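Working notes, structure below.
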Amino acid sequence: MAQQGSAGSGATGKRASRWRVFHDKFVVEERYVEPNDRRGLYRASIVLMALGVALFIATLISVVQADGLSAADGPVRDWLLGLRSPTLTAIMIFLAVVFGPVALPIIVLVVVAAWGFAAKHAWRPIVLASAMLTGVIISQIILQIVRRSRPPVDQMLFGVDQTFSFPSGHVLGACDFLLVGAFLIYSRRSNRRAAVFGFIGAGIGIVLAALSRLYLGYHWLSDALASLSLSLVILGGVIALDTWRTARVPGERITGELSKADAPRD
């Protein structure tokens with residue numbers, strides 16, 4: 001009887017241990033920051049959202065009225081058409097595939113799953129996945145409202161696409177993944193130089209994603225600008241949410257014994 005009781009308590013202990021690990025994974029991390037840093041994060045979120053909304057409205061008005069920012073669509077398209085070559089086309093097709101509706105979701109899924117499994121807390125990978133999903137929903141709604149036609153199909157180099165073009169889902173996905181991902185990673189680091197290089201790298205990736213869509217003949221420049229503006233709004237929202245939920249200043253109580261950002265490997 002004693003052995004049965006011991007075995008039973010051991011099994012119960014293992015179940016409790018597994019539940020504890022699962023519970024701790026979904027405890028939202030909290031971290032101490034300086035008061036000025038937290039205020040700076042809130043200011044940055046407001047600026048980004050305001051800038052994104054203003055840029056999107058300006059781009060949308062220019063598209064509807066066929067003037068303003070959209071006046072650059074034709075000249076930029078003509079310039080890119082003049083740059084076409086077999087080598088450059090192969091590179092742009094590769095970029096389009098990487099940031100496309102098949103490869104990018106797989107990349108995001110792998111990153112989110114690996115990050116969520118390896119990190120002490122799953123808050124940041126969940127936020128990244130939520131930001132990506134938000135971008136997809138917003139873009140699909142706007143596509144059906146604006147219903148803008150793509151460039152002529154005879155200019156498309158990677159198959160015919162007759163869906164609507166405003167905003168660019170490829171560019172919006174690249175922006176959300178790179179910008180939100182960079183923030184969620186470098187907001188937990190004290191190395192500002194690394195953060196600068198991280199965001200520069202994100203910017204380069206966004207430019208390449210946008211160029212690939214314009215070069216291959218699937219989008220106008222204003223489509224890419226609209227996607228960038230929406231991503232700035234999403235990034236600002238992520239910064240505000242993450243700061244509100246995780247950033248604590250000295251003197252405020254951190255709830256949860258494991259809720260602290262003290263492991264660089266997270």
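Residues in the structure tokens are named by chain (A, B, ... in the order shown) and by number from 1 within that chain; ligands are numbered from 1 in the order shown.
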Note to self: Which residues are near range 126-132 of chain A? Cut-off 10 Å, only C-alpha atoms, ignore same chain within fewer than 6 positions. Put them as a PyMOL selection string.
What the structure shows: chain A and resi 26+105+108-109+111-113+115-116+172-181+183-184+231+234-235+237-238+241-242
Can I get the selection written as an mmCIF file, in the first residue's frame, with N, CA, C and O atoms?
data_model
loop_
_atom_site.group_PDB
_atom_site.id
_atom_site.type_symbol
_atom_site.label_atom_id
_atom_site.label_comp_id
_atom_site.auth_asym_id
_atom_site.auth_seq_id
_atom_site.Cartn_x
_atom_site.Cartn_y
_atom_site.Cartn_z
ATOM 1 N N PHE A 26 2.927 30.816 -19.867
ATOM 2 C CA PHE A 26 1.948 31.820 -20.257
ATOM 3 C C PHE A 26 1.752 32.897 -19.201
ATOM 4 O O PHE A 26 0.789 33.653 -19.255
ATOM 5 N N PRO A 105 4.139 32.780 -44.055
ATOM 6 C CA PRO A 105 3.427 32.167 -42.930
ATOM 7 C C PRO A 105 4.163 30.972 -42.330
ATOM 8 O O PRO A 105 4.128 30.772 -41.109
ATOM 9 N N VAL A 108 6.960 32.417 -40.247
ATOM 10 C CA VAL A 108 6.411 32.974 -39.010
ATOM 11 C C VAL A 108 6.030 31.861 -38.048
ATOM 12 O O VAL A 108 6.321 31.935 -36.838
ATOM 13 N N LEU A 109 5.406 30.812 -38.557
ATOM 14 C CA LEU A 109 4.996 29.691 -37.704
ATOM 15 C C LEU A 109 6.201 29.033 -37.048
ATOM 16 O O LEU A 109 6.189 28.744 -35.848
ATOM 17 N N VAL A 111 9.205 30.380 -36.521
ATOM 18 C CA VAL A 111 9.811 31.322 -35.579
ATOM 19 C C VAL A 111 9.008 31.397 -34.288
ATOM 20 O O VAL A 111 9.556 31.327 -33.177
ATOM 21 N N VAL A 112 7.692 31.534 -34.421
ATOM 22 C CA VAL A 112 6.837 31.650 -33.238
ATOM 23 C C VAL A 112 6.891 30.372 -32.400
ATOM 24 O O VAL A 112 7.003 30.419 -31.164
ATOM 25 N N ALA A 113 6.824 29.216 -33.065
ATOM 26 C CA ALA A 113 6.859 27.952 -32.330
ATOM 27 C C ALA A 113 8.204 27.749 -31.632
ATOM 28 O O ALA A 113 8.255 27.373 -30.453
ATOM 29 N N TRP A 115 10.486 30.047 -30.849
ATOM 30 C CA TRP A 115 10.667 31.075 -29.823
ATOM 31 C C TRP A 115 9.807 30.768 -28.607
ATOM 32 O O TRP A 115 10.268 30.848 -27.468
ATOM 33 N N GLY A 116 8.548 30.407 -28.841
ATOM 34 C CA GLY A 116 7.665 30.103 -27.723
ATOM 35 C C GLY A 116 8.133 28.902 -26.925
ATOM 36 O O GLY A 116 7.975 28.865 -25.700
ATOM 37 N N LEU A 172 3.070 44.361 -46.460
ATOM 38 C CA LEU A 172 2.558 44.499 -45.097
ATOM 39 C C LEU A 172 3.057 43.347 -44.219
ATOM 40 O O LEU A 172 3.451 43.556 -43.071
ATOM 41 N N GLY A 173 3.048 42.128 -44.754
ATOM 42 C CA GLY A 173 3.548 40.999 -43.987
ATOM 43 C C GLY A 173 5.022 41.142 -43.650
ATOM 44 O O GLY A 173 5.445 40.864 -42.521
ATOM 45 N N ALA A 174 5.816 41.594 -44.636
ATOM 46 C CA ALA A 174 7.250 41.801 -44.388
ATOM 47 C C ALA A 174 7.465 42.880 -43.336
ATOM 48 O O ALA A 174 8.294 42.725 -42.429
ATOM 49 N N CYS A 175 6.709 43.975 -43.442
ATOM 50 C CA CYS A 175 6.855 45.076 -42.472
ATOM 51 C C CYS A 175 6.508 44.613 -41.063
ATOM 52 O O CYS A 175 7.243 44.879 -40.095
ATOM 53 N N ASP A 176 5.378 43.940 -40.923
ATOM 54 C CA ASP A 176 4.953 43.496 -39.594
ATOM 55 C C ASP A 176 5.957 42.521 -38.996
ATOM 56 O O ASP A 176 6.337 42.642 -37.818
ATOM 57 N N PHE A 177 6.384 41.555 -39.782
ATOM 58 C CA PHE A 177 7.307 40.543 -39.265
ATOM 59 C C PHE A 177 8.635 41.165 -38.848
ATOM 60 O O PHE A 177 9.155 40.880 -37.760
ATOM 61 N N LEU A 178 9.176 42.026 -39.696
ATOM 62 C CA LEU A 178 10.507 42.579 -39.429
ATOM 63 C C LEU A 178 10.473 43.679 -38.373
ATOM 64 O O LEU A 178 11.313 43.699 -37.465
ATOM 65 N N LEU A 179 9.525 44.598 -38.459
ATOM 66 C CA LEU A 179 9.486 45.718 -37.513
ATOM 67 C C LEU A 179 9.038 45.267 -36.127
ATOM 68 O O LEU A 179 9.683 45.586 -35.120
ATOM 69 N N VAL A 180 7.933 44.531 -36.063
ATOM 70 C CA VAL A 180 7.453 44.065 -34.758
ATOM 71 C C VAL A 180 8.443 43.083 -34.152
ATOM 72 O O VAL A 180 8.732 43.132 -32.946
ATOM 73 N N GLY A 181 8.986 42.202 -34.973
ATOM 74 C CA GLY A 181 9.982 41.262 -34.468
ATOM 75 C C GLY A 181 11.208 41.974 -33.914
ATOM 76 O O GLY A 181 11.718 41.614 -32.848
ATOM 77 N N PHE A 183 11.366 45.018 -32.707
ATOM 78 C CA PHE A 183 11.031 45.670 -31.434
ATOM 79 C C PHE A 183 10.983 44.663 -30.294
ATOM 80 O O PHE A 183 11.541 44.903 -29.214
ATOM 81 N N LEU A 184 10.302 43.552 -30.501
ATOM 82 C CA LEU A 184 10.141 42.578 -29.425
ATOM 83 C C LEU A 184 11.475 41.973 -28.993
ATOM 84 O O LEU A 184 11.642 41.588 -27.836
ATOM 85 N N SER A 231 1.564 49.174 -41.176
ATOM 86 C CA SER A 231 2.488 48.478 -40.283
ATOM 87 C C SER A 231 2.990 49.396 -39.178
ATOM 88 O O SER A 231 3.214 48.946 -38.049
ATOM 89 N N ILE A 234 0.345 49.345 -36.582
ATOM 90 C CA ILE A 234 0.400 48.085 -35.833
ATOM 91 C C ILE A 234 1.594 48.066 -34.892
ATOM 92 O O ILE A 234 1.482 47.657 -33.729
ATOM 93 N N LEU A 235 2.748 48.527 -35.366
ATOM 94 C CA LEU A 235 3.935 48.582 -34.515
ATOM 95 C C LEU A 235 3.703 49.492 -33.321
ATOM 96 O O LEU A 235 4.056 49.137 -32.183
ATOM 97 N N GLY A 237 0.868 50.188 -31.923
ATOM 98 C CA GLY A 237 -0.041 49.489 -31.020
ATOM 99 C C GLY A 237 0.660 48.409 -30.221
ATOM 100 O O GLY A 237 0.396 48.236 -29.020
ATOM 101 N N VAL A 238 1.577 47.685 -30.857
ATOM 102 C CA VAL A 238 2.337 46.643 -30.162
ATOM 103 C C VAL A 238 3.208 47.258 -29.070
ATOM 104 O O VAL A 238 3.286 46.733 -27.950
ATOM 105 N N LEU A 241 0.928 48.281 -26.166
ATOM 106 C CA LEU A 241 0.422 47.118 -25.440
ATOM 107 C C LEU A 241 1.525 46.448 -24.631
ATOM 108 O O LEU A 241 1.336 46.128 -23.446
ATOM 109 N N ASP A 242 2.678 46.247 -25.250
ATOM 110 C CA ASP A 242 3.775 45.579 -24.568
ATOM 111 C C ASP A 242 4.272 46.409 -23.384
ATOM 112 O O ASP A 242 4.573 45.865 -22.318
#
Next item on the list: Can you pull out every residue within 8 Å of Ala209 in chain A, counting only C-alpha atoms, but drop anything in the same chain fewer than 5 positions away, and send it as a ChimeraX atom specification?
Entry: /A:95-96,99,170-171,174
Deliver the residues from the most recent selection as a file, using N, CA, C and O atoms, as a short mmCIF file (atom, residue, chain, number, x, y, z; two decimals), in the first residue's frame.
data_model
loop_
_atom_site.label_atom_id
_atom_site.label_comp_id
_atom_site.auth_asym_id
_atom_site.auth_seq_id
_atom_site.Cartn_x
_atom_site.Cartn_y
_atom_site.Cartn_z
N LEU A 95 12.78 36.82 -53.75
CA LEU A 95 12.30 37.67 -52.66
C LEU A 95 10.78 37.62 -52.55
O LEU A 95 10.22 37.58 -51.44
N ALA A 96 10.10 37.62 -53.71
CA ALA A 96 8.65 37.55 -53.71
C ALA A 96 8.15 36.25 -53.09
O ALA A 96 7.13 36.23 -52.39
N PHE A 99 8.70 36.38 -49.17
CA PHE A 99 7.72 37.23 -48.50
C PHE A 99 6.30 36.96 -48.97
O PHE A 99 5.39 37.76 -48.72
N HIS A 170 2.04 41.35 -49.43
CA HIS A 170 3.44 40.94 -49.29
C HIS A 170 4.23 41.95 -48.45
O HIS A 170 4.96 41.58 -47.53
N VAL A 171 4.07 43.22 -48.81
CA VAL A 171 4.84 44.26 -48.13
C VAL A 171 4.38 44.42 -46.67
O VAL A 171 5.19 44.58 -45.77
N ALA A 174 5.82 41.59 -44.64
CA ALA A 174 7.25 41.80 -44.39
C ALA A 174 7.47 42.88 -43.34
O ALA A 174 8.29 42.73 -42.43
#
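Residues of range 25-265 of chain A that DSSP, applied to the backbone, places in strand (DSSP E or B): Arg31, Tyr32, Ala247 and Arg248 of chain A.
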Only N, CA, C and O atoms, please: the residues just picked out, written as a tab-separated table (two decimals), in the first residue's frame.
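As a result, selection_8.tsv now contains:
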chain	number	residue	atom	x	y	z
A	31	ARG	N	9.00	43.55	-16.46
A	31	ARG	CA	10.41	43.95	-16.41
A	31	ARG	C	10.49	45.37	-15.87
A	31	ARG	O	9.58	46.17	-16.05
A	32	TYR	N	11.60	45.65	-15.20
A	32	TYR	CA	11.81	47.00	-14.69
A	32	TYR	C	12.51	47.85	-15.74
A	32	TYR	O	13.49	47.42	-16.36
A	247	ALA	N	6.12	46.65	-18.77
A	247	ALA	CA	7.13	47.61	-18.28
A	247	ALA	C	6.71	48.17	-16.93
A	247	ALA	O	5.64	48.77	-16.79
A	248	ARG	N	7.56	47.98	-15.94
A	248	ARG	CA	7.33	48.51	-14.60
A	248	ARG	C	8.52	49.38	-14.20
A	248	ARG	O	9.66	49.06	-14.53
Next item on the list: Within 10 Å of Gly201 in chain A, counting only C-alpha atoms, which residues show up once you throw out same-chain ones fewer than 5 positions away? Write them as a list in words, please.
Entry: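 Once the nearby chain positions are removed, what remains is Leu178, Leu179, Ala182, Ala195, Val196, Ile206 and Val207 of chain A.
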Just the selected residues (all heavy atoms), exported as a short mmCIF file (atom, residue, chain, number, x, y, z; two decimals), in the first residue's frame, please.
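Just written: again.cif:
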data_model
loop_
_atom_site.label_atom_id
_atom_site.label_comp_id
_atom_site.auth_asym_id
_atom_site.auth_seq_id
_atom_site.Cartn_x
_atom_site.Cartn_y
_atom_site.Cartn_z
N LEU A 178 9.18 42.03 -39.70
CA LEU A 178 10.51 42.58 -39.43
C LEU A 178 10.47 43.68 -38.37
O LEU A 178 11.31 43.70 -37.46
CB LEU A 178 11.10 43.11 -40.74
CG LEU A 178 11.37 42.04 -41.81
CD1 LEU A 178 11.81 42.69 -43.11
CD2 LEU A 178 12.43 41.05 -41.33
N LEU A 179 9.53 44.60 -38.46
CA LEU A 179 9.49 45.72 -37.51
C LEU A 179 9.04 45.27 -36.13
O LEU A 179 9.68 45.59 -35.12
CB LEU A 179 8.56 46.82 -38.03
CG LEU A 179 9.04 47.59 -39.26
CD1 LEU A 179 7.99 48.61 -39.70
CD2 LEU A 179 10.38 48.29 -38.99
N ALA A 182 11.68 43.00 -34.63
CA ALA A 182 12.85 43.75 -34.16
C ALA A 182 12.55 44.43 -32.83
O ALA A 182 13.38 44.40 -31.91
CB ALA A 182 13.26 44.78 -35.21
N ALA A 195 20.34 47.48 -31.42
CA ALA A 195 18.96 47.79 -31.80
C ALA A 195 18.93 48.62 -33.08
O ALA A 195 18.10 48.38 -33.96
CB ALA A 195 18.26 48.53 -30.67
N VAL A 196 19.84 49.58 -33.18
CA VAL A 196 19.90 50.41 -34.39
C VAL A 196 20.18 49.54 -35.61
O VAL A 196 19.51 49.65 -36.65
CB VAL A 196 20.97 51.50 -34.24
CG1 VAL A 196 21.22 52.20 -35.58
CG2 VAL A 196 20.54 52.52 -33.19
N ILE A 206 12.45 45.37 -45.72
CA ILE A 206 11.20 45.96 -46.19
C ILE A 206 11.37 46.57 -47.57
O ILE A 206 10.51 46.38 -48.46
CB ILE A 206 10.71 47.03 -45.18
CG1 ILE A 206 10.27 46.35 -43.88
CG2 ILE A 206 9.57 47.86 -45.78
CD1 ILE A 206 10.03 47.31 -42.75
N VAL A 207 12.47 47.28 -47.79
CA VAL A 207 12.73 47.87 -49.10
C VAL A 207 12.83 46.79 -50.16
O VAL A 207 12.27 46.91 -51.27
CB VAL A 207 14.01 48.73 -49.06
CG1 VAL A 207 14.43 49.14 -50.47
CG2 VAL A 207 13.79 49.97 -48.20
#
Next item on the list: Please identify all polymer residues within 12 Å of Gly82 in chain A, counting only C-alpha atoms, omitting same-chain residues fewer than 5 positions from it, and present them as a PyMOL selection string.
Entry: chain A and resi 75-77+88-89+155+215-216
Margin query: Let's see if you can do this: from backbone DSSP, list all alpha helix (DSSP H) residues in range 71-110 of chain A, as a PyMOL selection string.
Written below: chain A and resi 73-82+86-98+103-110
Once you count only C-alpha atoms, what closest atom pair and distance in Å to one decimal does each residue of range 107-221 of chain A within 12 Å of range 48-56 of chain A have, with rows by chain and rising residue number, as a tab-separated table?
residue	atom	partner	partner_atom	distance
A:Ile142	CA	A:Phe56	CA	11.3
A:Phe166	CA	A:Phe56	CA	11.0
A:Pro167	CA	A:Phe56	CA	9.8
A:Leu179	CA	A:Leu48	CA	11.7
Next item on the list: Check the smallest atom-to-atom distance from each of A:Phe117, A:Arg148, A:Tyr186, A:Thr59 to Ala72 in chain A using only C-alpha atoms, then report the winner.
Entry: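 Closest candidate: A:Thr59.
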Checklist line | Separation of CA of Asp73 in chain A from CA of Leu230 in chain A in Å | finding: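 Spanning CA of Leu230 in chain A to CA of Asp73 in chain A is a straight-line distance of 18.8 Å.
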Margin query: What does the structure give for the distance between CA of Leu225 in chain A and CA of Val97 in chain A, in Å to one decimal?
Written below: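 Pair CA of Leu225 in chain A / CA of Val97 in chain A returns 20.2 Å.
Counting only C-alpha atoms, the residue from A:Ile185, A:Ala44, A:Ala240, A:Val33 that sits nearest to Pro125 in chain A is A:Ile185.
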Checklist line | Leu214 in chain A surroundings by only C-alpha atoms, 9 Å radius, close-in-sequence under 3 positions cut, as JSON, numbers by chain | finding: {"A": [76, 77, 80, 209, 210, 211, 217, 218, 219, 220, 221, 224]}
Same residues, all heavy atoms, output as a short mmCIF file (atom, residue, chain, number, x, y, z; two decimals), in the first residue's frame:
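This went into selection.cif:
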data_model
loop_
_atom_site.label_atom_id
_atom_site.label_comp_id
_atom_site.auth_asym_id
_atom_site.auth_seq_id
_atom_site.Cartn_x
_atom_site.Cartn_y
_atom_site.Cartn_z
N VAL A 76 7.82 55.56 -61.33
CA VAL A 76 8.57 54.51 -60.63
C VAL A 76 8.42 53.18 -61.36
O VAL A 76 9.40 52.44 -61.54
CB VAL A 76 8.10 54.38 -59.17
CG1 VAL A 76 8.70 53.14 -58.52
CG2 VAL A 76 8.47 55.63 -58.38
N ARG A 77 7.22 52.88 -61.82
CA ARG A 77 7.02 51.64 -62.57
C ARG A 77 7.85 51.64 -63.85
O ARG A 77 8.52 50.65 -64.18
CB ARG A 77 5.54 51.50 -62.93
CG ARG A 77 5.20 50.24 -63.73
CD ARG A 77 3.86 50.38 -64.42
NE ARG A 77 3.88 51.53 -65.34
CZ ARG A 77 2.78 52.02 -65.92
NH1 ARG A 77 1.60 51.50 -65.65
NH2 ARG A 77 2.87 53.04 -66.74
N LEU A 80 11.52 51.03 -63.10
CA LEU A 80 11.81 49.63 -62.77
C LEU A 80 11.70 48.73 -64.00
O LEU A 80 12.47 47.76 -64.13
CB LEU A 80 10.86 49.14 -61.67
CG LEU A 80 11.12 49.73 -60.28
CD1 LEU A 80 10.02 49.33 -59.32
CD2 LEU A 80 12.48 49.29 -59.75
N ALA A 209 11.49 43.77 -50.09
CA ALA A 209 10.17 43.19 -50.31
C ALA A 209 9.33 44.08 -51.20
O ALA A 209 8.64 43.59 -52.12
CB ALA A 209 9.47 42.96 -48.97
N ALA A 210 9.36 45.38 -50.96
CA ALA A 210 8.58 46.31 -51.77
C ALA A 210 9.11 46.37 -53.20
O ALA A 210 8.32 46.34 -54.16
CB ALA A 210 8.61 47.70 -51.14
N LEU A 211 10.43 46.43 -53.35
CA LEU A 211 11.01 46.48 -54.69
C LEU A 211 10.65 45.25 -55.51
O LEU A 211 10.38 45.34 -56.71
CB LEU A 211 12.53 46.62 -54.60
CG LEU A 211 13.08 48.02 -54.34
CD1 LEU A 211 14.60 47.96 -54.20
CD2 LEU A 211 12.69 48.97 -55.48
N GLY A 217 5.93 43.72 -61.28
CA GLY A 217 4.75 44.24 -61.94
C GLY A 217 3.42 43.96 -61.27
O GLY A 217 2.39 43.97 -61.93
N TYR A 218 3.43 43.74 -59.95
CA TYR A 218 2.19 43.39 -59.26
C TYR A 218 1.60 44.52 -58.42
O TYR A 218 0.45 44.42 -58.01
CB TYR A 218 2.43 42.17 -58.36
CG TYR A 218 2.72 40.94 -59.14
CD1 TYR A 218 4.03 40.53 -59.37
CD2 TYR A 218 1.69 40.18 -59.68
CE1 TYR A 218 4.30 39.39 -60.12
CE2 TYR A 218 1.96 39.03 -60.42
CZ TYR A 218 3.27 38.65 -60.65
OH TYR A 218 3.53 37.53 -61.39
N HIS A 219 2.38 45.55 -58.17
CA HIS A 219 1.90 46.62 -57.31
C HIS A 219 2.42 47.97 -57.79
O HIS A 219 3.40 48.08 -58.52
CB HIS A 219 2.34 46.40 -55.86
CG HIS A 219 1.53 45.37 -55.15
ND1 HIS A 219 0.24 45.58 -54.72
CD2 HIS A 219 1.83 44.10 -54.79
CE1 HIS A 219 -0.22 44.50 -54.12
NE2 HIS A 219 0.73 43.58 -54.16
N TRP A 220 1.71 49.00 -57.33
CA TRP A 220 2.14 50.38 -57.50
C TRP A 220 2.91 50.82 -56.25
O TRP A 220 2.77 50.22 -55.18
CB TRP A 220 0.94 51.29 -57.70
CG TRP A 220 -0.02 50.87 -58.76
CD1 TRP A 220 -1.19 50.19 -58.58
CD2 TRP A 220 0.12 51.07 -60.17
NE1 TRP A 220 -1.81 49.97 -59.77
CE2 TRP A 220 -1.03 50.50 -60.78
CE3 TRP A 220 1.07 51.69 -60.99
CZ2 TRP A 220 -1.25 50.52 -62.14
CZ3 TRP A 220 0.86 51.71 -62.36
CH2 TRP A 220 -0.28 51.14 -62.93
N LEU A 221 3.68 51.88 -56.40
CA LEU A 221 4.43 52.41 -55.25
C LEU A 221 3.50 52.78 -54.11
O LEU A 221 3.80 52.53 -52.93
CB LEU A 221 5.25 53.62 -55.68
CG LEU A 221 6.00 54.37 -54.57
CD1 LEU A 221 7.04 53.46 -53.92
CD2 LEU A 221 6.67 55.63 -55.12
N ALA A 224 2.62 49.97 -51.75
CA ALA A 224 3.66 49.67 -50.77
C ALA A 224 3.67 50.71 -49.65
O ALA A 224 3.86 50.37 -48.47
CB ALA A 224 5.02 49.61 -51.44
#
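When only C-alpha atoms are used to measure the gap to Gly135 in chain A, the shortest distance among A:Pro151, A:Gly205, A:Ser229, A:Ile61 belongs to A:Ser229.
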Note to self: Given only C-alpha atoms as the basis, pick out the residue of A:Leu60, A:Met92, A:Ala71, A:Ala66 nearest to Leu208 in chain A.
What the structure shows: A:Met92
Note to self: Can you measure CA of Met156 in chain A to CA of Ser222 in chain A for me? One decimal in Å is fine.
What the structure shows: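 Distance between the two atoms: 17.3 Å.
Across A:Ser227, A:Ala122, A:Ser187, A:Glu252, the tightest approach to Leu41 in chain A is made by A:Ser187 when counting only C-alpha atoms.
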